[in-house]
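Participant: My questions all concern the structure below.
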Amino acid sequence: MSIWLGISVGSVKVPISTLWNIGVDETATNILWNIRMPRVILAGLVGAALAVAGTAFQGLLKNPLADPYTLGVSSGASVGAVMTLFFSISTPILGIFTLPTFSMIGALFAMFVVLGFAKLVDRTMKMETLILTGIIVSSFLSSVISLMIALTGEELRQIIDWLMGSVSMRGWPYIKMILPFITFGTILLWLNRRELNAMLFGEERAKYLGVNVKRSKWMLLLGGSMLTGSAVAVSGTIGFVGLVVPHITRLLFGTDHRHLIPLSFINGASLLILCDLIARTVIAPTELPIGVITSFIGAPVFAYIFFRQRRMKGA
């Protein structure tokens, strides 16, 4: 349904029949295949990546408030991507995959900094400690991005547009750029679905169940960072998708990651496609950054989850 709405609705209505009646209406065909379709697919991939990454982080840390945005992982990915744009980094070996690769490295680095610092402050790594550490790291990384923006010249417009969070005018090349990362990252997390289930009962019990906890942690962090980095590389920072989707999916369908990962993938894709539809139609012809829409949805949900957690602890 979300794909159908994303393709059909807009400033120009495109009949869904255009999918199989190619050439009947050249204008509609051009809008569908060169503008709407790549945009809808890219929004779906980004939403799916952020939702699955959030599912992995929440399962690994046993914390419903953990997601790429609140943990500072998105900020790390942003620094990696902005540095690539700022220094015009391009490697012949990586080619078009240079941007998502550096974005993924930034996400992984930020994740390790947050977890390392949180463990130094509080070995039990309570919810409040992780969130505050994520805010501190995000603030520092945001200042690094601001510094690069202040020093930039011609790249300023490109970086600013990218930072606002959007899947507008990206096209098919961006889908090709991130598809291998999202595919590999999702498969990596899916292969560790049983380990995620075991770790919900604590690391010690997971070890007794035969889980190689250290290896599984690395795989989960790598997969989550790969998904976050690839998503941020093409769309900028889009907050709260990785928090809202896994949380609601878990409430509706349970905590079994064998179901939670694929359902979060589908729901994350659907949510961001609909958010992008709202962003480009609510005040048409002007487009809103998609991050504005997700924040309107995500911030109240974040507040609700935090309040609920505090009440449960106080009870």
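Identifiers in this document derive from the order of the structure tokens: chains are assigned A, B, ..., residues are numbered from 1 separately in each chain, and ligands are numbered from 1 in order of occurrence.
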Write out as a VMD selection string which residues come within 8 Å of Ala49 in chain A when counting only C-alpha atoms, dropping same-chain ones fewer than 3 positions away.

Facilitator: chain A and resid 45 to 46 52 to 53 182 186 227 to 228 231 265 268

Participant: Store the residues picked out above in a file with N, CA and C atoms, as an mmCIF file, in the first residue's frame.

Facilitator:
```
data_model
loop_
_atom_site.group_PDB
_atom_site.id
_atom_site.type_symbol
_atom_site.label_atom_id
_atom_site.label_comp_id
_atom_site.auth_asym_id
_atom_site.auth_seq_id
_atom_site.Cartn_x
_atom_site.Cartn_y
_atom_site.Cartn_z
ATOM 1 N N LEU A 45 14.465 1.474 1.327
ATOM 2 C CA LEU A 45 15.737 0.866 1.743
ATOM 3 C C LEU A 45 16.314 1.564 2.970
ATOM 4 N N VAL A 46 16.257 2.901 2.978
ATOM 5 C CA VAL A 46 16.780 3.665 4.112
ATOM 6 C C VAL A 46 15.977 3.368 5.375
ATOM 7 N N VAL A 52 16.054 -2.040 11.036
ATOM 8 C CA VAL A 52 16.746 -3.293 11.364
ATOM 9 C C VAL A 52 17.958 -3.016 12.255
ATOM 10 N N ALA A 53 18.680 -1.914 11.975
ATOM 11 C CA ALA A 53 19.812 -1.538 12.836
ATOM 12 C C ALA A 53 19.330 -1.252 14.254
ATOM 13 N N ILE A 182 23.306 -2.712 2.436
ATOM 14 C CA ILE A 182 22.063 -3.030 3.147
ATOM 15 C C ILE A 182 21.768 -4.530 3.077
ATOM 16 N N THR A 186 21.878 -6.692 6.527
ATOM 17 C CA THR A 186 20.647 -7.369 6.950
ATOM 18 C C THR A 186 20.870 -8.873 7.090
ATOM 19 N N LEU A 227 24.450 -0.954 8.189
ATOM 20 C CA LEU A 227 23.121 -0.483 7.792
ATOM 21 C C LEU A 227 22.963 1.014 8.038
ATOM 22 N N THR A 228 23.403 1.471 9.214
ATOM 23 C CA THR A 228 23.289 2.898 9.541
ATOM 24 C C THR A 228 24.134 3.741 8.601
ATOM 25 N N ALA A 231 22.653 3.953 5.068
ATOM 26 C CA ALA A 231 21.437 4.779 5.048
ATOM 27 C C ALA A 231 21.772 6.257 5.141
ATOM 28 N N PHE A 265 12.062 -4.722 9.077
ATOM 29 C CA PHE A 265 12.499 -4.343 7.726
ATOM 30 C C PHE A 265 11.315 -3.813 6.920
ATOM 31 N N GLY A 268 9.744 -0.591 8.669
ATOM 32 C CA GLY A 268 10.635 0.569 8.513
ATOM 33 C C GLY A 268 10.563 1.142 7.113
#
```

Participant: Please report, as a Markdown table, each residue of range 162-274 of chain A lying at most 6 Å from range 62-74 of chain A, together with the nearest pair of atoms and the separation in Å rounded to one decimal; use only C-alpha atoms, and order rows by chain and ascending residue number.

Facilitator:
```
| residue | atom | partner | partner_atom | distance |
| --- | --- | --- | --- | --- |
| A:Gly239 | CA | A:Tyr69 | CA | 5.5 |
| A:Gly242 | CA | A:Asp67 | CA | 5.1 |
| A:Leu243 | CA | A:Asp67 | CA | 5.2 |
```

Participant: What is the distance between CA of Asp25 in chain A and CA of Glu287 in chain A, in Å to one decimal?

Facilitator: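 That distance, rounded to one decimal, is 25.8 Å.
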
Participant: Between A:Val245, A:Ile178, A:Ile131, A:Val40, which is the closest to Leu277 in chain A once you count only C-alpha atoms?

Facilitator: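 When distances to Leu277 in chain A are compared using only C-alpha atoms, the smallest one comes from A:Val40.
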
Participant: Which residue gives the smallest distance to Leu196 in chain A among A:Thr55, A:Thr91, A:Ser235, A:Asn21, with only C-alpha atoms counted?

Facilitator: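 Of A:Thr55, A:Thr91, A:Ser235, A:Asn21, the one nearest Leu196 in chain A is A:Thr55, counting only C-alpha atoms.
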
Participant: When DSSP works through the backbone of this structure, what residues of range 76-227 of chain A end up as helix (DSSP H, G or I), shown as a count of residues only?

Facilitator: 119

Participant: Which residue, A:Lys126, A:Ser103, A:Leu288, A:Asn212, has the smallest gap to Arg310 in chain A when you use only C-alpha atoms?

Facilitator: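 Ranking A:Lys126, A:Ser103, A:Leu288, A:Asn212 by distance to Arg310 in chain A, first place goes to A:Lys126.
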